[in-house]
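K.L.:
Handing you this structure, nothing more for now.
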Amino acid sequence: MACGEVEVSEQTGTVFWITGLAGAGKTTVAQEFMSAMQLEGRRVVSLDGDHLRKVLGETQDYSMENRRKLSLTYGRLAKLIADQGFDVVCATISMFHQCRRQNRESIENYFEVYLNVPEHVLRQRNKKNLYADNATQDRDDAVLPSALMESPKYPDVTIVNDGTESPCQISQRIISQWKAVNNL
């Protein structure tokens, strides 16, 4: 390769879109999954909804329209990175059919994981105090996604994350399912 030439990956990476409600375990599962993929020699980039919101400067507005715009932005960013040959693990609520549909249509290798968690388990976890009875009175961002989320219609894999499996076990299930779908 000559000076100034850039080596471009001939293979598009995969976008692993891990979605579910707040408290579903998206970040924890995504971290385990990313580590497991790296152990397999894959080049992986992590995008987490909470971190992306801070980076993009959208920390205060949790309106439905802003949530929709951010979800679409996350998808475009994930595609940009995957098109450069990296796998992308994106952990985000992304509560809109429009976002997931846009991802399926525009991202060549898109794999959607839905972490479905019973509401009573979400209330027990409740790290961000979103499910407390007084949450909507005390917080601007407490529009409870459980009431508003458009649950994925066609995820590649749905996992009930009720605490009966460890994040590592869930990660291995995702990898197995992805390999089966792609004949790897």
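Following the order of the structure tokens, chains are lettered A, B, ..., residues in each are numbered from 1, and ligands are numbered from 1.
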Quick one: everything within 7 Å of Asp87 (chain A), counting only C-alpha atoms, minus sequence neighbours fewer than 6 positions away in the same chain. Send it as a PyMOL selection string.

P.N.:
chain A and resi 13-15+43-45

K.L.:
Any chance you could list, as a PDB file with C-alpha atoms, in the first residue's frame, the residues in chain A that come up strand (DSSP E) when DSSP is run on the backbone?

P.N.:
ATOM      1  CA  VAL A  15     -25.083  -4.097  13.216  1.00  0.00           C
ATOM      2  CA  PHE A  16     -26.362  -5.911  16.294  1.00  0.00           C
ATOM      3  CA  TRP A  17     -29.276  -3.793  17.497  1.00  0.00           C
ATOM      4  CA  ILE A  18     -30.071  -4.691  21.123  1.00  0.00           C
ATOM      5  CA  THR A  19     -33.366  -3.125  22.136  1.00  0.00           C
ATOM      6  CA  VAL A  44     -16.432  -4.484  17.328  1.00  0.00           C
ATOM      7  CA  VAL A  45     -17.594  -0.971  18.195  1.00  0.00           C
ATOM      8  CA  SER A  46     -20.037  -0.326  21.025  1.00  0.00           C
ATOM      9  CA  LEU A  47     -22.769   2.311  20.863  1.00  0.00           C
ATOM     10  CA  ASP A  48     -24.884   2.745  23.972  1.00  0.00           C
ATOM     11  CA  ASP A  87     -19.358  -4.892  13.740  1.00  0.00           C
ATOM     12  CA  VAL A  88     -21.504  -2.515  15.781  1.00  0.00           C
ATOM     13  CA  VAL A  89     -23.287  -3.425  18.986  1.00  0.00           C
ATOM     14  CA  CYS A  90     -25.930  -0.775  19.612  1.00  0.00           C
ATOM     15  CA  ALA A  91     -27.830  -0.950  22.908  1.00  0.00           C
ATOM     16  CA  TYR A 110     -28.694  -6.006  10.483  1.00  0.00           C
ATOM     17  CA  PHE A 111     -29.455  -8.325  13.402  1.00  0.00           C
ATOM     18  CA  GLU A 112     -32.088  -7.245  15.904  1.00  0.00           C
ATOM     19  CA  VAL A 113     -32.198  -8.541  19.465  1.00  0.00           C
ATOM     20  CA  TYR A 114     -35.216  -7.803  21.637  1.00  0.00           C
ATOM     21  CA  LEU A 115     -34.727  -8.144  25.379  1.00  0.00           C
ATOM     22  CA  ASN A 116     -38.248  -8.617  26.643  1.00  0.00           C
ATOM     23  CA  VAL A 157     -34.116 -13.108  18.334  1.00  0.00           C
ATOM     24  CA  THR A 158     -36.296 -12.389  21.366  1.00  0.00           C
ATOM     25  CA  ILE A 159     -34.916 -13.168  24.786  1.00  0.00           C
ATOM     26  CA  VAL A 160     -36.932 -12.978  27.983  1.00  0.00           C
TER      27      VAL A 160
END

K.L.:
Residues of region 51-94 of chain A within 8 Å of region 101-105 of chain A: nearest atom pair and distance (Å, one decimal) for each, counting only C-alpha atoms, sorted by chain and number, as JSON lines?

P.N.:
{"residue": "A:Leu72", "atom": "CA", "partner": "A:Gln102", "partner_atom": "CA", "distance": 7.6}
{"residue": "A:Gly75", "atom": "CA", "partner": "A:Asn103", "partner_atom": "CA", "distance": 5.9}
{"residue": "A:Arg76", "atom": "CA", "partner": "A:Asn103", "partner_atom": "CA", "distance": 8.0}

K.L.:
Restrict the selected residues to C-alpha atoms and save them as a PDB file, in the first residue's frame.

P.N.:
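Printed below is result.pdb as written:
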ATOM      1  CA  LEU A  72     -32.897   7.285  13.493  1.00  0.00           C
ATOM      2  CA  GLY A  75     -29.165   3.800  13.053  1.00  0.00           C
ATOM      3  CA  ARG A  76     -27.368   6.055  10.550  1.00  0.00           C
TER       4      ARG A  76
END
